[in-house]
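Peer 1: The file below is coords.cif, mmCIF, N, CA and C atoms:
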data_target
loop_
_atom_site.label_atom_id
_atom_site.label_comp_id
_atom_site.auth_asym_id
_atom_site.auth_seq_id
_atom_site.Cartn_x
_atom_site.Cartn_y
_atom_site.Cartn_z
N MET A 111 17.73 4.15 18.30
CA MET A 111 18.16 4.41 16.95
C MET A 111 17.17 5.35 16.27
N ARG A 112 17.68 6.40 15.66
CA ARG A 112 16.82 7.36 14.97
C ARG A 112 16.53 6.90 13.57
N ALA A 113 15.31 7.18 13.13
CA ALA A 113 14.92 6.83 11.76
C ALA A 113 15.66 7.73 10.79
N ARG A 114 16.07 7.17 9.69
CA ARG A 114 16.73 7.96 8.66
C ARG A 114 15.71 8.81 7.94
N LYS A 115 16.17 9.94 7.43
CA LYS A 115 15.31 10.86 6.70
C LYS A 115 15.29 10.46 5.24
N ALA A 116 14.13 10.40 4.65
CA ALA A 116 14.00 10.11 3.23
C ALA A 116 13.02 11.11 2.64
N ARG A 117 13.21 11.39 1.36
CA ARG A 117 12.32 12.33 0.69
C ARG A 117 11.40 11.57 -0.25
N LEU A 118 10.15 11.99 -0.24
CA LEU A 118 9.18 11.43 -1.16
C LEU A 118 9.50 11.95 -2.55
N PRO A 119 9.59 11.06 -3.56
CA PRO A 119 9.86 11.53 -4.90
C PRO A 119 8.73 12.44 -5.38
N ALA A 120 9.05 13.37 -6.24
CA ALA A 120 8.05 14.32 -6.75
C ALA A 120 6.97 13.63 -7.56
N HIS A 121 7.33 12.54 -8.24
CA HIS A 121 6.38 11.83 -9.08
C HIS A 121 6.42 10.34 -8.76
N ALA A 122 5.27 9.69 -8.88
CA ALA A 122 5.20 8.24 -8.67
C ALA A 122 5.69 7.56 -9.95
N THR A 123 6.84 6.94 -9.86
CA THR A 123 7.37 6.18 -10.99
C THR A 123 7.46 4.72 -10.57
N LEU A 124 7.51 3.84 -11.53
CA LEU A 124 7.58 2.42 -11.20
C LEU A 124 8.75 2.14 -10.27
N GLY A 125 8.49 1.45 -9.19
CA GLY A 125 9.53 1.07 -8.26
C GLY A 125 10.01 2.17 -7.33
N TRP A 126 9.25 3.26 -7.21
CA TRP A 126 9.72 4.38 -6.38
C TRP A 126 9.93 3.95 -4.93
N LEU A 127 9.07 3.07 -4.44
CA LEU A 127 9.19 2.65 -3.04
C LEU A 127 10.46 1.83 -2.82
N ALA A 128 10.81 0.99 -3.77
CA ALA A 128 12.00 0.14 -3.64
C ALA A 128 13.28 0.98 -3.62
N ARG A 129 13.24 2.17 -4.19
CA ARG A 129 14.44 3.02 -4.23
C ARG A 129 14.64 3.83 -2.95
N LEU A 130 13.64 3.83 -2.07
CA LEU A 130 13.80 4.56 -0.80
C LEU A 130 14.69 3.76 0.14
N ASP A 131 15.38 4.47 1.01
CA ASP A 131 16.17 3.82 2.06
C ASP A 131 15.19 3.12 3.00
N GLY A 132 15.23 1.80 3.03
CA GLY A 132 14.28 1.02 3.81
C GLY A 132 14.32 1.29 5.30
N ARG A 133 15.37 1.93 5.77
CA ARG A 133 15.47 2.23 7.20
C ARG A 133 14.73 3.51 7.57
N SER A 134 14.32 4.29 6.57
CA SER A 134 13.67 5.57 6.86
C SER A 134 12.24 5.36 7.32
N LEU A 135 11.74 6.30 8.08
CA LEU A 135 10.36 6.26 8.56
C LEU A 135 9.40 6.29 7.37
N LEU A 136 9.70 7.09 6.37
CA LEU A 136 8.86 7.18 5.18
C LEU A 136 8.74 5.82 4.50
N ALA A 137 9.87 5.15 4.31
CA ALA A 137 9.86 3.85 3.63
C ALA A 137 9.11 2.81 4.45
N ARG A 138 9.31 2.80 5.76
CA ARG A 138 8.61 1.83 6.61
C ARG A 138 7.11 2.10 6.61
N THR A 139 6.72 3.36 6.69
CA THR A 139 5.30 3.72 6.67
C THR A 139 4.68 3.33 5.34
N ALA A 140 5.37 3.64 4.25
CA ALA A 140 4.86 3.33 2.91
C ALA A 140 4.78 1.82 2.69
N THR A 141 5.77 1.08 3.17
CA THR A 141 5.76 -0.37 3.02
C THR A 141 4.60 -0.99 3.78
N ASP A 142 4.36 -0.52 5.00
CA ASP A 142 3.23 -1.01 5.78
C ASP A 142 1.90 -0.71 5.09
N ARG A 143 1.79 0.50 4.56
CA ARG A 143 0.55 0.89 3.87
C ARG A 143 0.36 0.09 2.59
N LEU A 144 1.45 -0.19 1.87
CA LEU A 144 1.37 -1.01 0.67
C LEU A 144 0.83 -2.40 1.01
N ALA A 145 1.30 -2.96 2.11
CA ALA A 145 0.81 -4.28 2.54
C ALA A 145 -0.68 -4.21 2.87
N GLU A 146 -1.12 -3.15 3.52
CA GLU A 146 -2.54 -2.99 3.85
C GLU A 146 -3.38 -2.90 2.58
N LEU A 147 -2.94 -2.10 1.62
CA LEU A 147 -3.69 -1.93 0.37
C LEU A 147 -3.74 -3.23 -0.42
N THR A 148 -2.63 -3.95 -0.46
CA THR A 148 -2.57 -5.21 -1.19
C THR A 148 -3.50 -6.23 -0.54
N THR A 149 -3.49 -6.30 0.79
CA THR A 149 -4.39 -7.20 1.51
C THR A 149 -5.84 -6.83 1.23
N HIS A 150 -6.13 -5.55 1.20
CA HIS A 150 -7.49 -5.07 0.92
C HIS A 150 -7.98 -5.57 -0.44
N LEU A 151 -7.06 -5.71 -1.38
CA LEU A 151 -7.42 -6.15 -2.73
C LEU A 151 -7.39 -7.67 -2.89
N GLY A 152 -7.21 -8.40 -1.80
CA GLY A 152 -7.27 -9.85 -1.85
C GLY A 152 -5.94 -10.54 -1.73
N GLY A 153 -4.88 -9.79 -1.52
CA GLY A 153 -3.56 -10.40 -1.37
C GLY A 153 -2.70 -10.24 -2.61
N ASP A 154 -1.42 -10.45 -2.42
CA ASP A 154 -0.44 -10.21 -3.48
C ASP A 154 -0.71 -11.03 -4.74
N THR A 155 -1.18 -12.26 -4.58
CA THR A 155 -1.40 -13.11 -5.75
C THR A 155 -2.66 -12.72 -6.52
N GLU A 156 -3.53 -11.93 -5.92
CA GLU A 156 -4.79 -11.56 -6.57
C GLU A 156 -4.74 -10.19 -7.25
N VAL A 157 -3.72 -9.40 -6.97
CA VAL A 157 -3.62 -8.05 -7.52
C VAL A 157 -3.08 -8.11 -8.94
N THR A 158 -3.81 -7.51 -9.88
CA THR A 158 -3.37 -7.49 -11.27
C THR A 158 -2.28 -6.44 -11.46
N ALA A 159 -1.62 -6.47 -12.60
CA ALA A 159 -0.56 -5.50 -12.89
C ALA A 159 -1.11 -4.07 -12.90
N ILE A 160 -2.29 -3.90 -13.45
CA ILE A 160 -2.89 -2.56 -13.49
C ILE A 160 -3.25 -2.10 -12.08
N GLU A 161 -3.80 -3.00 -11.28
CA GLU A 161 -4.12 -2.63 -9.90
C GLU A 161 -2.85 -2.28 -9.14
N ARG A 162 -1.77 -3.04 -9.37
CA ARG A 162 -0.50 -2.76 -8.68
C ARG A 162 0.01 -1.36 -9.04
N SER A 163 -0.13 -1.00 -10.31
CA SER A 163 0.28 0.34 -10.75
C SER A 163 -0.57 1.41 -10.07
N LEU A 164 -1.88 1.18 -10.00
CA LEU A 164 -2.77 2.13 -9.34
C LEU A 164 -2.48 2.21 -7.84
N VAL A 165 -2.16 1.07 -7.24
CA VAL A 165 -1.82 1.05 -5.81
C VAL A 165 -0.56 1.88 -5.57
N ASP A 166 0.44 1.74 -6.44
CA ASP A 166 1.67 2.54 -6.30
C ASP A 166 1.34 4.03 -6.35
N ARG A 167 0.47 4.41 -7.26
CA ARG A 167 0.10 5.82 -7.39
C ARG A 167 -0.73 6.29 -6.20
N LEU A 168 -1.64 5.43 -5.75
CA LEU A 168 -2.43 5.77 -4.57
C LEU A 168 -1.53 5.94 -3.35
N LEU A 169 -0.60 5.03 -3.20
CA LEU A 169 0.34 5.10 -2.07
C LEU A 169 1.14 6.40 -2.12
N HIS A 170 1.65 6.75 -3.30
CA HIS A 170 2.41 7.99 -3.45
C HIS A 170 1.54 9.20 -3.11
N ALA A 171 0.30 9.20 -3.61
CA ALA A 171 -0.61 10.32 -3.33
C ALA A 171 -0.93 10.42 -1.84
N GLU A 172 -1.11 9.27 -1.19
CA GLU A 172 -1.37 9.29 0.26
C GLU A 172 -0.18 9.84 1.03
N MET A 173 1.03 9.44 0.64
CA MET A 173 2.23 9.94 1.32
C MET A 173 2.37 11.45 1.10
N LEU A 174 2.06 11.90 -0.11
CA LEU A 174 2.11 13.33 -0.41
C LEU A 174 1.06 14.07 0.41
N ALA A 175 -0.13 13.51 0.53
CA ALA A 175 -1.19 14.13 1.33
C ALA A 175 -0.76 14.24 2.79
N MET A 176 -0.09 13.20 3.30
CA MET A 176 0.40 13.24 4.68
C MET A 176 1.40 14.38 4.88
N ARG A 177 2.29 14.56 3.88
CA ARG A 177 3.27 15.64 3.98
C ARG A 177 2.57 17.00 3.96
N LEU A 178 1.58 17.15 3.09
CA LEU A 178 0.85 18.42 3.02
C LEU A 178 0.04 18.67 4.29
N GLU A 179 -0.50 17.59 4.89
CA GLU A 179 -1.23 17.75 6.16
C GLU A 179 -0.29 18.21 7.26
N ALA A 180 0.95 17.75 7.25
CA ALA A 180 1.94 18.22 8.22
C ALA A 180 2.20 19.71 8.02
N GLU A 181 2.23 20.15 6.76
CA GLU A 181 2.42 21.57 6.48
C GLU A 181 1.23 22.39 6.97
N VAL A 182 0.03 21.83 6.87
CA VAL A 182 -1.15 22.52 7.39
C VAL A 182 -1.01 22.68 8.91
N ARG A 183 -0.61 21.60 9.59
CA ARG A 183 -0.44 21.65 11.05
C ARG A 183 0.63 22.67 11.45
N ASP A 184 1.71 22.73 10.65
CA ASP A 184 2.81 23.64 10.96
C ASP A 184 2.54 25.08 10.53
N GLY A 185 1.47 25.26 9.76
CA GLY A 185 1.17 26.59 9.23
C GLY A 185 2.07 27.00 8.09
N THR A 186 2.69 26.04 7.40
CA THR A 186 3.62 26.36 6.31
C THR A 186 3.07 26.03 4.93
N LEU A 187 1.82 25.56 4.85
CA LEU A 187 1.24 25.23 3.55
C LEU A 187 1.02 26.50 2.75
N LYS A 188 1.66 26.57 1.59
CA LYS A 188 1.58 27.78 0.77
C LYS A 188 0.40 27.76 -0.19
N THR A 189 0.05 26.58 -0.69
CA THR A 189 -1.03 26.50 -1.68
C THR A 189 -2.03 25.42 -1.27
N PRO A 190 -3.14 25.82 -0.65
CA PRO A 190 -4.16 24.85 -0.25
C PRO A 190 -4.71 24.06 -1.44
N SER A 191 -4.65 24.64 -2.63
CA SER A 191 -5.17 23.93 -3.80
C SER A 191 -4.36 22.65 -4.07
N ASP A 192 -3.08 22.64 -3.71
CA ASP A 192 -2.27 21.42 -3.87
C ASP A 192 -2.83 20.30 -3.00
N TYR A 193 -3.16 20.62 -1.77
CA TYR A 193 -3.71 19.62 -0.87
C TYR A 193 -5.05 19.10 -1.39
N LEU A 194 -5.89 20.03 -1.86
CA LEU A 194 -7.19 19.61 -2.38
C LEU A 194 -7.04 18.73 -3.61
N ALA A 195 -6.09 19.05 -4.47
CA ALA A 195 -5.86 18.25 -5.67
C ALA A 195 -5.38 16.84 -5.31
N VAL A 196 -4.46 16.75 -4.36
CA VAL A 196 -3.94 15.44 -3.94
C VAL A 196 -5.03 14.63 -3.27
N THR A 197 -5.82 15.25 -2.42
CA THR A 197 -6.91 14.55 -1.75
C THR A 197 -7.92 14.04 -2.77
N ASP A 198 -8.22 14.84 -3.77
CA ASP A 198 -9.12 14.42 -4.83
C ASP A 198 -8.55 13.23 -5.59
N ARG A 199 -7.24 13.24 -5.85
CA ARG A 199 -6.59 12.12 -6.54
C ARG A 199 -6.66 10.85 -5.71
N VAL A 200 -6.45 10.97 -4.39
CA VAL A 200 -6.54 9.80 -3.50
C VAL A 200 -7.94 9.19 -3.59
N ILE A 201 -8.96 10.04 -3.53
CA ILE A 201 -10.34 9.55 -3.60
C ILE A 201 -10.61 8.86 -4.94
N LYS A 202 -10.16 9.47 -6.03
CA LYS A 202 -10.40 8.87 -7.36
C LYS A 202 -9.68 7.53 -7.51
N LEU A 203 -8.44 7.45 -7.06
CA LEU A 203 -7.70 6.18 -7.16
C LEU A 203 -8.33 5.11 -6.27
N ALA A 204 -8.71 5.48 -5.07
CA ALA A 204 -9.34 4.52 -4.16
C ALA A 204 -10.67 4.02 -4.74
N THR A 205 -11.42 4.92 -5.34
CA THR A 205 -12.68 4.53 -5.95
C THR A 205 -12.45 3.61 -7.14
N THR A 206 -11.43 3.91 -7.93
CA THR A 206 -11.10 3.07 -9.08
C THR A 206 -10.71 1.66 -8.63
N LEU A 207 -9.91 1.58 -7.57
CA LEU A 207 -9.49 0.27 -7.06
C LEU A 207 -10.63 -0.47 -6.37
N GLY A 208 -11.57 0.25 -5.86
CA GLY A 208 -12.70 -0.37 -5.17
C GLY A 208 -12.64 -0.10 -3.70
N LEU A 209 -13.74 0.35 -3.16
CA LEU A 209 -13.78 0.69 -1.75
C LEU A 209 -14.09 -0.51 -0.87
N ARG A 210 -14.64 -1.57 -1.47
CA ARG A 210 -14.97 -2.76 -0.69
C ARG A 210 -13.78 -3.71 -0.66
N ARG A 211 -13.58 -4.27 0.49
CA ARG A 211 -12.48 -5.23 0.69
C ARG A 211 -12.80 -6.54 -0.02
N ARG A 212 -11.79 -7.14 -0.62
CA ARG A 212 -11.93 -8.44 -1.27
C ARG A 212 -11.37 -9.52 -0.37
N ALA A 213 -12.04 -10.64 -0.34
CA ALA A 213 -11.57 -11.76 0.46
C ALA A 213 -10.43 -12.46 -0.27
N ARG A 214 -9.45 -12.87 0.48
CA ARG A 214 -8.34 -13.64 -0.07
C ARG A 214 -8.81 -15.07 -0.23
N PRO A 215 -8.56 -15.68 -1.38
CA PRO A 215 -8.99 -17.07 -1.54
C PRO A 215 -8.22 -17.98 -0.58
N VAL A 216 -8.94 -18.83 0.10
CA VAL A 216 -8.31 -19.77 1.02
C VAL A 216 -8.81 -21.18 0.71
N SER A 217 -8.05 -22.14 1.12
CA SER A 217 -8.42 -23.54 0.91
C SER A 217 -9.55 -23.93 1.85
N SER A 218 -10.39 -24.83 1.37
CA SER A 218 -11.45 -25.36 2.23
C SER A 218 -10.83 -26.31 3.25
N LEU A 219 -11.59 -26.62 4.27
CA LEU A 219 -11.11 -27.54 5.30
C LEU A 219 -10.80 -28.90 4.68
N ALA A 220 -11.64 -29.34 3.75
CA ALA A 220 -11.40 -30.64 3.09
C ALA A 220 -10.08 -30.62 2.31
N GLU A 221 -9.79 -29.51 1.62
CA GLU A 221 -8.54 -29.40 0.87
C GLU A 221 -7.34 -29.40 1.81
N ILE A 222 -7.47 -28.72 2.93
CA ILE A 222 -6.38 -28.67 3.91
C ILE A 222 -6.13 -30.07 4.48
N ARG A 223 -7.19 -30.79 4.77
CA ARG A 223 -7.04 -32.15 5.32
C ARG A 223 -6.37 -33.07 4.29
N ARG A 224 -6.78 -32.97 3.02
CA ARG A 224 -6.16 -33.78 1.97
C ARG A 224 -4.67 -33.46 1.83
N GLU A 225 -4.35 -32.18 1.85
CA GLU A 225 -2.96 -31.74 1.73
C GLU A 225 -2.15 -32.24 2.92
N TYR A 226 -2.73 -32.15 4.09
CA TYR A 226 -2.05 -32.61 5.30
C TYR A 226 -1.81 -34.11 5.27
N ALA A 227 -2.82 -34.86 4.81
CA ALA A 227 -2.69 -36.31 4.72
C ALA A 227 -1.62 -36.70 3.70
N ALA A 228 -1.52 -35.94 2.61
CA ALA A 228 -0.55 -36.26 1.56
C ALA A 228 0.87 -35.83 1.91
N ASN A 229 1.01 -34.66 2.53
CA ASN A 229 2.35 -34.08 2.75
C ASN A 229 2.73 -33.88 4.21
N GLY A 230 1.77 -34.01 5.09
CA GLY A 230 2.07 -33.78 6.50
C GLY A 230 1.95 -32.32 6.90
N THR A 231 1.81 -31.43 5.92
CA THR A 231 1.66 -30.00 6.18
C THR A 231 0.71 -29.41 5.15
N PRO A 232 -0.29 -28.65 5.59
CA PRO A 232 -1.16 -28.01 4.62
C PRO A 232 -0.42 -26.89 3.89
N LYS A 233 -0.77 -26.65 2.61
CA LYS A 233 -0.04 -25.64 1.82
C LYS A 233 -0.26 -24.22 2.33
N ASP A 234 -1.38 -23.96 3.02
CA ASP A 234 -1.65 -22.62 3.53
C ASP A 234 -1.15 -22.42 4.95
N ALA A 235 -0.39 -23.39 5.48
CA ALA A 235 0.08 -23.30 6.86
C ALA A 235 1.09 -22.17 7.01
N ALA A 236 1.02 -21.52 8.14
CA ALA A 236 1.99 -20.46 8.44
C ALA A 236 3.35 -21.09 8.67
N PRO A 237 4.44 -20.39 8.28
CA PRO A 237 5.78 -20.94 8.47
C PRO A 237 6.16 -21.10 9.92
#
Before anything else, please render the file you have as structure tokens.

Peer 2:
Amino acid sequence: MRARKARLPAHATLGWLARLDGRSLLARTATDRLAELTTHLGGDTEVTAIERSLVDRLLHAEMLAMRLEAEVRDGTLKTPSDYLAVTDRVIKLATTLGLRRRARPVSSLAEIRREYAANGTPKDAAP
């Protein structure tokens, strides 16, 4: 099965990723990267609304940088300054979000044992 073609929107707007055809290579790549970035920030429950907005913009800038890098490889990049501007934006957004990985809060062993004793299954157990 061939991946469907999708176009990266010109601007990062709220929910831009959700509007892409999920079967496209672009949407799958972006969704995987979004999961990586969210995990880096401590997980979905730890990311604030402002961080989520910055992550969306960082993700869009990264996808745009990937497209421009493909143009560099193909020899079709018309304005190198566009690539430099996008790369600079990626660095600034990543720096704003934080370059160090945050640990996801997890239950202690004692908490897991108590939960297991009470319910038969710990709350952090994988499905």

Peer 1: I need the residues in stretch 113-236 of chain A that are alpha helix (DSSP H) according to DSSP; give them as a VMD selection string.

Peer 2: chain A and resid 135 to 150 159 to 184 190 to 207 219 to 229

Peer 1: Figure out the distance between atom CA of A:Met173 and atom CA of A:Arg138, please, to one decimal in Å.

Peer 2: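 So the two atoms, atom CA of A:Arg138 and atom CA of A:Met173, lie 11.6 Å apart.
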
Peer 1: What is the distance, in Å and to one decimal place, between atom CA of A:Leu178 and atom CA of A:Ala195?

Peer 2: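 Taking atom CA of A:Leu178 as the start and atom CA of A:Ala195 as the end point, the length is 11.0 Å.
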
Peer 1: What is the distance between atom C of A:Gly208 and atom N of A:Gly132, in Å to one decimal?

Peer 2: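 Atom-to-atom, atom C of A:Gly208 and atom N of A:Gly132 are spaced 28.7 Å apart.
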
Peer 1: Can you spell out as an MDAnalysis selection string the set of residues that the PyMOL selection byres (((chain A and resi 174 and name CA) around 12) and name CA) selects in the structure I just provided?

Peer 2: chainID A and resid 117:122 136 140 167:173 175:181 192:197 199:200

Peer 1: So that I can check the surroundings of A:Arg212, please list as a ChimeraX atom specification every protein, DNA and RNA residue that reaches within 7 Å of it, counting all atoms listed in the file and ignoring chain neighbours fewer than 4 positions away.

Peer 2: /A:149-153

Peer 1: Can you work out which one of A:Leu203, A:Thr158, A:Arg211, A:Asp166 has the shortest atom-to-atom distance to A:Trp126, counting only N, CA and C atoms?

Peer 2: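 Distance minimum relative to A:Trp126 lands on A:Asp166.
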